[in-house]
Amino acid sequence: MKIGITCYPTYGGSGAVATELGIALAHRGHEIHFITYQQPFRLPSFLPRIYFHEVDVGRYPLFEYPPYDLALAVRMHEVVLAHKLDLLHVHYAIPHATSAWMAREMLKPTRPDIKVLTTLHGTDITIVGQDPSFHAITKFSIEKSDGLTAVSKYLRDETQSVFGCAACRIDVIPNFIDPAVYDRSRYEPQLREQVNGDKVLMHISNFRAVKRVRDVVGIYARVAKEVPSVLVMVGDGPERIDAEQEARRLGVQDRVFFLGKLESVAPLLASADLFLIPSQSESFGLSALEALATGVPVVGSRAGGLPEVVRDGETGALCVVGDVDGMARAAIDLLTDDDRWRATSTLAAADARKRFSLEQVVRQYEDFYVDALGGSLPDDA
């Protein structure tokens with residue numbers, strides 16, 4: 001198949017998943033064309049059967065805000081025609097699904113068979129899509145897609161409820177991990193050596209308000225009173241300053257390390273003892289899955305799609321949103337019981353590989369594509 005993929009190319013779960021999916025599909029013999037405004041951050045410079053098409057947003061004094069959605073639609077139109085794509089697979093509804101619909105309308109005279117498939121990732125539905133400024137266009141774009149997937153049952157149900165599209169078929173295809181990449185035994189525990197054997201707690205996110213990063217610091221401060229440990233914060237975003245201030249307020253600033261954005265987190269996770277994710281909501285929780293796959297138990301919120309990823313009481317512990325004391329106690333219980341930690345770690349890695357391995361999830365996407373194309377592969381696939 002010849003597949004166009006559009007995603008946000010910056011640091012974040014939806015872009016990471018879309019990029020890894022494209023790479024995996026290319027390895028399976030498909031031709032992949034990324035169409036976005038810059039090269040995705042997890043996409044290597046060159047791989048066979050993978051092409052990158054930059055969207056150039058023209059600057060004109062009349063436009064206070066450059067119309068990226070229109071430029072994207074035009075670029076999609078060009079790439080479909082030039083490379084004879086079979087389908088456009090867009091990740092994140094706004095504006096990608098809208099742009100793909102416009103491209104499909106433009107293509108009707110010459111390529112009426114082109115399919116638009118949309119994967120919903122989370123905040124495109126739970127935050128952006130519910131904003132009054134975007135609700136109607138998000139609903140329209142969902143309903144005009146030729147196929148829809150959501151990364152969790154929670155997100156599927158939320159989409160159907162919020163946008164009143166209960167009749168829309170939305171396939172649940174979860175996020176995934178490459179078991180080889182998240183194999184703890186591959187990496188030297190360099191981080192652990194730097195902290196003199198103290199326990200390592202970790203958080204990875206885009207530091208937006210929904211991630212509740214102040215709670216991360218609050219949980220750690222309570223743990224640190226009973227367990228010699230450090231907290232490693234990976235990522236960046238608008239709430240980072242608040243997290244740094246909270247660390248100073250609680251007197252743990254010398255034990256909390258902010259590493260900024262990193263492309264590869266697997267080597268760091270291999271040194272971690274516990275992963276913290278006390279989010280207000282998670283449509284899936286890709287960073288939690290990456291931690292579990294590396295054998296790192298997860299302590300977080302019983303919110304959104306996280307209970308579909310973390311088995312409460314088996315591969316980690318989940319508490320109600322905002323229960324900093326409860327999450328701290330769960331963390332302490334795990335970190336002070338070596339036998340329990342080892343059992344939880346082993347089960348976490350095994351469960352992640354069983355339910356969310358790259359190989360089986362990519363096959364689900366291939367089946368999804370074939371179904372959208374009428375049940376058979378294109379002649380040149």
# chains A, B, ... in the order shown; residues from 1 in each chain; ligands from 1

call {"tool": "residues_around", "arguments": {"residues": "stretch 343-357 of chain A", "least_positions_apart": "5", "cutoff": "8 Å", "atoms": "only C-alpha atoms", "output": "list in words"}}
result
Pro174, Asn175, Phe176, Ile177, Asp178, Pro179, Leu289, Leu292, Ala293, Thr294, Gly295, Val296, Pro297, Glu314, Thr315 and Gly316 of chain A

call {"tool": "write_last_selection", "arguments": {"atoms": "N, CA and C atoms", "output": "short mmCIF file (atom, residue, chain, number, x, y, z; two decimals), in the first residue's frame"}}
result
data_model
loop_
_atom_site.label_atom_id
_atom_site.label_comp_id
_atom_site.auth_asym_id
_atom_site.auth_seq_id
_atom_site.Cartn_x
_atom_site.Cartn_y
_atom_site.Cartn_z
N PRO A 174 -4.99 0.21 20.07
CA PRO A 174 -4.20 0.89 21.11
C PRO A 174 -2.85 1.36 20.62
N ASN A 175 -2.22 2.19 21.43
CA ASN A 175 -0.82 2.53 21.19
C ASN A 175 0.03 1.27 21.42
N PHE A 176 1.30 1.35 21.09
CA PHE A 176 2.12 0.14 21.11
C PHE A 176 3.56 0.46 21.46
N ILE A 177 4.31 -0.59 21.73
CA ILE A 177 5.75 -0.46 21.99
C ILE A 177 6.49 -1.52 21.19
N ASP A 178 7.73 -1.24 20.90
CA ASP A 178 8.63 -2.22 20.30
C ASP A 178 9.32 -2.95 21.46
N PRO A 179 9.00 -4.22 21.69
CA PRO A 179 9.59 -4.92 22.83
C PRO A 179 11.11 -4.89 22.86
N LEU A 289 2.85 3.10 29.32
CA LEU A 289 3.08 1.83 28.62
C LEU A 289 4.58 1.61 28.41
N LEU A 292 6.01 0.46 31.70
CA LEU A 292 5.63 -0.93 31.99
C LEU A 292 6.45 -1.91 31.15
N ALA A 293 6.61 -1.60 29.87
CA ALA A 293 7.36 -2.49 28.97
C ALA A 293 8.81 -2.64 29.40
N THR A 294 9.32 -1.63 30.10
CA THR A 294 10.69 -1.66 30.59
C THR A 294 10.77 -2.29 31.99
N GLY A 295 9.64 -2.76 32.48
CA GLY A 295 9.61 -3.38 33.79
C GLY A 295 9.56 -2.39 34.93
N VAL A 296 9.02 -1.20 34.66
CA VAL A 296 8.90 -0.17 35.69
C VAL A 296 7.44 -0.09 36.14
N PRO A 297 7.14 -0.45 37.38
CA PRO A 297 5.76 -0.32 37.87
C PRO A 297 5.29 1.14 37.80
N GLU A 314 -1.62 -5.03 40.12
CA GLU A 314 -0.82 -6.08 39.47
C GLU A 314 0.43 -5.53 38.82
N THR A 315 0.27 -4.52 37.94
CA THR A 315 1.44 -3.92 37.28
C THR A 315 1.71 -2.52 37.81
N GLY A 316 0.95 -2.11 38.78
CA GLY A 316 1.10 -0.78 39.38
C GLY A 316 -0.06 -0.50 40.30
#

call {"tool": "residues_around", "arguments": {"residues": "A:Val80", "least_positions_apart": "3", "cutoff": "12 Å", "atoms": "only C-alpha atoms", "output": "PyMOL selection string"}}
result
chain A and resi 2-5+32-35+53+73-77+83-89+100+103-104+106-108+110-116

call {"tool": "select_by_dssp", "arguments": {"residues": "stretch 187-304 of chain A", "states": "strand (DSSP E or B)", "output": "short mmCIF file (atom, residue, chain, number, x, y, z; two decimals) with C-alpha atoms, in the first residue's frame"}}
result
data_model
loop_
_atom_site.label_atom_id
_atom_site.label_comp_id
_atom_site.auth_asym_id
_atom_site.auth_seq_id
_atom_site.Cartn_x
_atom_site.Cartn_y
_atom_site.Cartn_z
CA LYS A 199 15.65 4.61 44.15
CA VAL A 200 14.78 6.43 40.91
CA LEU A 201 11.28 7.77 40.38
CA MET A 202 10.50 9.11 36.92
CA HIS A 203 7.93 11.20 35.06
CA ILE A 204 7.80 11.82 31.30
CA SER A 205 5.32 14.22 29.70
CA SER A 229 15.45 8.44 46.23
CA VAL A 230 15.58 10.96 43.40
CA LEU A 231 12.97 12.20 40.94
CA VAL A 232 13.82 12.50 37.24
CA MET A 233 11.50 14.71 35.16
CA VAL A 234 11.75 14.25 31.38
CA GLY A 235 10.07 16.62 28.93
CA VAL A 256 14.64 16.59 41.50
CA PHE A 257 16.31 16.64 38.07
CA PHE A 258 14.70 18.25 35.02
CA LEU A 259 16.26 16.80 31.87
CA GLY A 260 14.15 18.53 29.21
CA LEU A 274 8.87 3.64 39.59
CA PHE A 275 6.95 5.76 37.10
CA LEU A 276 4.56 8.50 38.27
CA ILE A 277 1.60 9.65 36.15
CA VAL A 298 3.41 2.64 37.43
CA VAL A 299 1.63 4.69 40.08
CA GLY A 300 -0.95 7.12 38.75
CA SER A 301 -4.55 8.26 38.44
#

call {"tool": "closest_residue", "arguments": {"among": "A:Ile142, A:Leu286, A:Leu21, A:Leu358", "to": "A:Glu308", "atoms": "only C-alpha atoms"}}
result
A:Leu286

call {"tool": "closest_residue", "arguments": {"among": "A:Gln190, A:Ser145, A:Gln364, A:Ser376", "to": "A:Asp171", "atoms": "only C-alpha atoms"}}
result
A:Gln364

call {"tool": "residues_around", "arguments": {"residues": "A:His27", "least_positions_apart": "2", "cutoff": "12 Å", "atoms": "only C-alpha atoms", "output": "PyMOL selection string"}}
result
chain A and resi 20-25+29-32+47-50+358-359+362

call {"tool": "write_last_selection", "arguments": {"atoms": "N, CA and C atoms", "output": "PDB file, in the first residue's frame"}}
result
ATOM      1  N   GLU A  20       6.266   6.025  14.613  1.00  0.00           N
ATOM      2  CA  GLU A  20       6.658   4.628  14.805  1.00  0.00           C
ATOM      3  C   GLU A  20       5.798   3.701  13.949  1.00  0.00           C
ATOM      4  N   LEU A  21       4.522   4.041  13.794  1.00  0.00           N
ATOM      5  CA  LEU A  21       3.646   3.247  12.932  1.00  0.00           C
ATOM      6  C   LEU A  21       4.134   3.290  11.490  1.00  0.00           C
ATOM      7  N   GLY A  22       4.469   4.490  11.015  1.00  0.00           N
ATOM      8  CA  GLY A  22       4.964   4.623   9.651  1.00  0.00           C
ATOM      9  C   GLY A  22       6.237   3.829   9.421  1.00  0.00           C
ATOM     10  N   ILE A  23       7.152   3.881  10.366  1.00  0.00           N
ATOM     11  CA  ILE A  23       8.409   3.132  10.242  1.00  0.00           C
ATOM     12  C   ILE A  23       8.130   1.635  10.198  1.00  0.00           C
ATOM     13  N   ALA A  24       7.236   1.176  11.078  1.00  0.00           N
ATOM     14  CA  ALA A  24       6.911  -0.252  11.116  1.00  0.00           C
ATOM     15  C   ALA A  24       6.237  -0.702   9.820  1.00  0.00           C
ATOM     16  N   LEU A  25       5.350   0.113   9.291  1.00  0.00           N
ATOM     17  CA  LEU A  25       4.676  -0.225   8.031  1.00  0.00           C
ATOM     18  C   LEU A  25       5.679  -0.291   6.879  1.00  0.00           C
ATOM     19  N   GLY A  29       6.999  -3.454   4.113  1.00  0.00           N
ATOM     20  CA  GLY A  29       6.925  -3.372   2.665  1.00  0.00           C
ATOM     21  C   GLY A  29       6.025  -2.298   2.096  1.00  0.00           C
ATOM     22  N   HIS A  30       5.358  -1.514   2.944  1.00  0.00           N
ATOM     23  CA  HIS A  30       4.482  -0.455   2.455  1.00  0.00           C
ATOM     24  C   HIS A  30       5.294   0.818   2.180  1.00  0.00           C
ATOM     25  N   GLU A  31       4.753   1.664   1.315  1.00  0.00           N
ATOM     26  CA  GLU A  31       5.400   2.942   0.983  1.00  0.00           C
ATOM     27  C   GLU A  31       4.722   4.039   1.792  1.00  0.00           C
ATOM     28  N   ILE A  32       5.507   4.763   2.592  1.00  0.00           N
ATOM     29  CA  ILE A  32       4.961   5.725   3.553  1.00  0.00           C
ATOM     30  C   ILE A  32       5.392   7.136   3.189  1.00  0.00           C
ATOM     31  N   LEU A  47      15.192   6.266   5.627  1.00  0.00           N
ATOM     32  CA  LEU A  47      14.817   4.860   5.741  1.00  0.00           C
ATOM     33  C   LEU A  47      14.194   4.435   4.413  1.00  0.00           C
ATOM     34  N   PRO A  48      14.429   3.223   3.987  1.00  0.00           N
ATOM     35  CA  PRO A  48      13.816   2.763   2.733  1.00  0.00           C
ATOM     36  C   PRO A  48      12.294   2.840   2.797  1.00  0.00           C
ATOM     37  N   ARG A  49      11.692   3.261   1.692  1.00  0.00           N
ATOM     38  CA  ARG A  49      10.241   3.325   1.510  1.00  0.00           C
ATOM     39  C   ARG A  49       9.559   4.386   2.375  1.00  0.00           C
ATOM     40  N   ILE A  50      10.340   5.324   2.935  1.00  0.00           N
ATOM     41  CA  ILE A  50       9.760   6.416   3.715  1.00  0.00           C
ATOM     42  C   ILE A  50      10.152   7.746   3.078  1.00  0.00           C
ATOM     43  N   LEU A 358       4.302  -4.068  19.146  1.00  0.00           N
ATOM     44  CA  LEU A 358       4.255  -3.412  17.844  1.00  0.00           C
ATOM     45  C   LEU A 358       3.697  -4.338  16.775  1.00  0.00           C
ATOM     46  N   GLU A 359       4.172  -5.568  16.746  1.00  0.00           N
ATOM     47  CA  GLU A 359       3.813  -6.487  15.676  1.00  0.00           C
ATOM     48  C   GLU A 359       2.301  -6.693  15.590  1.00  0.00           C
ATOM     49  N   VAL A 362       0.377  -3.244  14.682  1.00  0.00           N
ATOM     50  CA  VAL A 362       0.549  -2.857  13.278  1.00  0.00           C
ATOM     51  C   VAL A 362      -0.315  -3.732  12.377  1.00  0.00           C
TER      52      VAL A 362
END

call {"tool": "atom_distance", "arguments": {"atom1": "atom CA of A:Glu226", "atom2": "atom CA of A:Ile332"}}
result
7.4 Å

call {"tool": "closest_residue", "arguments": {"among": "A:Ala266, A:Val324, A:Tyr8, A:Trp101", "to": "A:Tyr187", "atoms": "only C-alpha atoms"}}
result
A:Ala266

call {"tool": "closest_residue", "arguments": {"among": "A:Phe163, A:Tyr154, A:Tyr220, A:Phe207", "to": "A:Gly237", "atoms": "only C-alpha atoms"}}
result
A:Phe207

call {"tool": "closest_residue", "arguments": {"among": "A:Leu72, A:Ile170, A:Ala26, A:Leu318", "to": "A:Gln38", "atoms": "only C-alpha atoms"}}
result
A:Leu72
